[in-house]
Amino acid sequence: MAPRPIVDFPMPKSKVWVEPDTFHEALTLHMERHDDSAWHLHRAIVRPEDRFDRKTIVQWMSGKKAPRAVASMEMLARIEWRYRLPSRYFKAKLPHASRAATGHTKLYGIEPAERRRLAWHLPDDFDDRPAAERETILEWVRTVIISGATDYRRFQVEAMKHRYAIRFPELTGRKRRTSLDPDIEDEQLDDVELELKATAVDAPRALANEVAHLIRFKTSTLTDLGFQRHGVWNEQTALQKIEHLGLLFGALAAAPKGPVAGKGVPLTNLGMALLVFPAVWDWYIQWRERKRGFYTVWEVNMLQLGLALTRNGTGWLRQSPQLGRRLRPIPGLLSCADIDAALADWDGACDTFHQHGIARSKEIQRVARVHRDPFEPIMPVLEADSPVGEYRRITEEILRLMPDSRRYPRAAAEAVRSFLILRLGLHLGIRQKNLRQLLLCPRGKLPATERQLEAQKRGELRWNEREKGWEVLIPAVAFKNSGSSFFGNKPFRLMLPNLGGLYEHIDAYVRKHRSILLNGSPDPGTFFVKTVKKTSRDASYNQCTFYEAWRLITQRYGVYNPYTERGAIEGLLPHGPHNVRDVLATHILKQTGSYEQARYAIQDTPDIVAKHYGRFLPQDKAALAAQILNRVWEAA
């Protein structure tokens, strides 16, 4: 018997059908409607140059496999065309609709790691497009989605290529690393070694001990005998100051002829006593100006640190004259005469810098520019009439692209985690530290007491049996601004609303998805846990990994991609968790015009809200006033 002839558009048996939910059911339905077998459909869509097996269609019909490769997506498009179905009809029904297609063959010269990052954001027909268009797409994805397209982000990407900071592993909990011999002359190094020398190295033991003494002085409950101090640092402030000092000393130690263009001070000659000399500070802040192109408030903040260290009576440096014994001359910066004068009159040296630092701070404040506008990545959200409603679209995009948990359990678990990270961020408005450290008490378990949470400086998500809802309790001491009038020494307590499927996803995450992410590793007890893989068995988020997790969520679900038509918000850029506080505060301001009410959303003071978010209020304030005045005319 001769095979049935191939026609481009076979007539369907019926024009009415019950729409299936799954891909394999939809494919089977439309093949039956058009009287196509797997063998006949294969003959109709395959061209001589294609390498596509008929058995693949059989496996698609049975539900054993789903299309993922670029070639398979092309076959789906041909089937849609044959059956006169809408474009992407079948793709929308795939069990993992947002999964990156594999098999792009025209990503020339791109390493596998970057291929994986790019694949999510490339259209299925990328290989079929002209070379110029492919280059345009790659440039757009790299610039807008991967790197972030702001001036500051571009500066940051370039700066990260040449790391120079001094590390303090004992103080930050990181492992020590071996560094190159600091006494090697630059002329003896080739380009590769110069780059290595420019990377971050561990602090020499003497400098590490000095910084450790400073941190102990500023963080201990009681000061050491013979010392006085003004103010105390919490853990986060201490880590920030360690990082800033590491940048300062790293700049001094970096090779002058390397990419960092530092001062070339031998590591063994670095010490906290250098911060008493105005010439050292002038070199550093001018070096930063040359590196960035202008002065910022950051330089002012660093000078204020130096002023605090040399303050009369309570400055740690002023009370530690013995540190001067390690001072060594620095050509062009610090002479033997300078050192002898400082050792002879330590208080006088501190007074000299203190006067100099105050004058420099005022000078820089007059010309300081803003390099990083924190609102730039989320400006399309902040300019919307309802910023929270606009940002909520990202959570809806996550649900729209949610994979089938039966076939892709880990991908589904990660999607639910992404949904909950954003939803809890929008409801709570807390800083990322408090959100990532939030503990979990499942239903039926005894929640921690307020005193236990205070000891851990962490909050907890628990089930409130009396009110039948999920509740968040965070002690005031866990917050960065715990002394703010907002808290009044009372804990932050909020009952999460059962809206938009929130409870349903919390219950599913606690019952099923969270254990999939843990993958048998020790449970850190936090609500949010990382996906544990062979390369990492620690399920806890830290500051960097949680930031990257939030940024990845906004890359995949937030930024609208015109080439894939995925992403919720056009013009949005990737960003971190702190921006959600901007969204909440701006939303309240737009709706009420009240700094007082806006501060409740982010647990802060009206002054801070006015300082950071006042730029979004003037035009909306006028509109709010007009609404009240217009009622007079409406009544008439």
# chains A, B, ... in the order shown; residues from 1 in each chain; ligands from 1

$ residues_around --residues "stretch 436-441 of chain A" --least-positions-apart "3" --cutoff "9 Å" --atoms "only C-alpha atoms" --output "list in words"
Ile421, Arg431, Gln432, Lys433, Gly444, Lys445, Leu446, Pro447, Ala448, Arg458, Gly459, Glu460, Leu461, Arg462, Trp463, Val472, Ile474, Val510, Pro524, Gly525, Thr526, Phe527, Phe528, Val529, Ser540, Tyr541, Asn542, Gln543 and Phe546 of chain A

$ select_by_dssp --residues "stretch 574-614 of chain A" --states "alpha helix (DSSP H)" --output "PyMOL selection string"
chain A and resi 579-592+595-602+606-613

$ closest_residue --among "A:Met302, A:Leu275, A:Ala341, A:Leu317" --to "A:Gln228" --atoms "only C-alpha atoms"
A:Leu317

$ closest_residue --among "A:Ser62, A:Thr28, A:Ser536, A:Gln319" --to "A:Leu225" --atoms "only C-alpha atoms"
A:Gln319

$ atom_distance --atom1 "atom CA of A:Ile608" --atom2 "atom CA of A:Ala359"
26.3 Å

$ closest_atom_pairs --of "stretch 561-622 of chain A" --to "stretch 485-507 of chain A" --cutoff "12 Å" --atoms "only C-alpha atoms" --output "Markdown table"
| residue | atom | partner | partner_atom | distance |
| --- | --- | --- | --- | --- |
| A:Glu596 | CA | A:Phe486 | CA | 10.2 |
| A:Gln597 | CA | A:Phe486 | CA | 11.2 |
| A:Ala598 | CA | A:Phe486 | CA | 11.7 |
| A:Arg599 | CA | A:Phe486 | CA | 8.2 |
| A:Tyr600 | CA | A:Phe486 | CA | 7.6 |
| A:Ala601 | CA | A:Phe486 | CA | 10.6 |
| A:Ile602 | CA | A:Phe486 | CA | 9.7 |
| A:Gln603 | CA | A:Phe486 | CA | 6.0 |
| A:Asp604 | CA | A:Phe486 | CA | 6.1 |
| A:Thr605 | CA | A:Phe486 | CA | 6.7 |
| A:Pro606 | CA | A:Phe486 | CA | 9.6 |
| A:Asp607 | CA | A:Ser485 | CA | 11.4 |
| A:Ile608 | CA | A:Phe486 | CA | 11.8 |

$ write_last_selection --atoms "C-alpha atoms" --output "tab-separated table (two decimals), in the first residue's frame"
chain	number	residue	atom	x	y	z
A	596	GLU	CA	5.86	58.29	59.20
A	597	GLN	CA	3.85	55.49	57.59
A	598	ALA	CA	6.63	54.65	55.13
A	599	ARG	CA	9.04	54.05	57.99
A	600	TYR	CA	6.77	51.34	59.37
A	601	ALA	CA	7.29	49.31	56.19
A	602	ILE	CA	11.10	49.24	56.56
A	603	GLN	CA	11.52	49.58	60.36
A	604	ASP	CA	13.30	52.92	60.21
A	605	THR	CA	12.93	56.57	61.21
A	606	PRO	CA	11.05	59.28	59.27
A	607	ASP	CA	14.31	61.21	58.83
A	608	ILE	CA	15.98	58.26	57.09

$ select_by_dssp --residues "stretch 143-351 of chain A" --states "strand (DSSP E)" --output "ChimeraX atom specification"
/A:166-167,201-202

$ write_last_selection --atoms "C-alpha atoms" --output "mmCIF file, in the first residue's frame"
data_model
loop_
_atom_site.group_PDB
_atom_site.id
_atom_site.type_symbol
_atom_site.label_atom_id
_atom_site.label_comp_id
_atom_site.auth_asym_id
_atom_site.auth_seq_id
_atom_site.Cartn_x
_atom_site.Cartn_y
_atom_site.Cartn_z
ATOM 1 C CA ILE A 166 44.520 42.645 52.160
ATOM 2 C CA ARG A 167 42.521 39.814 53.740
ATOM 3 C CA VAL A 201 46.640 38.387 49.844
ATOM 4 C CA ASP A 202 46.467 37.576 53.533
#

$ atom_distance --atom1 "atom CA of A:Pro403" --atom2 "atom CA of A:Arg581"
28.9 Å

$ closest_residue --among "A:Leu584, A:Pro331, A:Glu467, A:Glu414" --to "A:Gly429" --atoms "only C-alpha atoms"
A:Leu584

$ closest_residue --among "A:Trp316, A:Tyr108, A:Phe23, A:Trp140" --to "A:Ile215" --atoms "only C-alpha atoms"
A:Trp316

$ closest_residue --among "A:His587, A:His578, A:Lys91, A:Lys534" --to "A:Arg68" --atoms "only C-alpha atoms"
A:Lys91
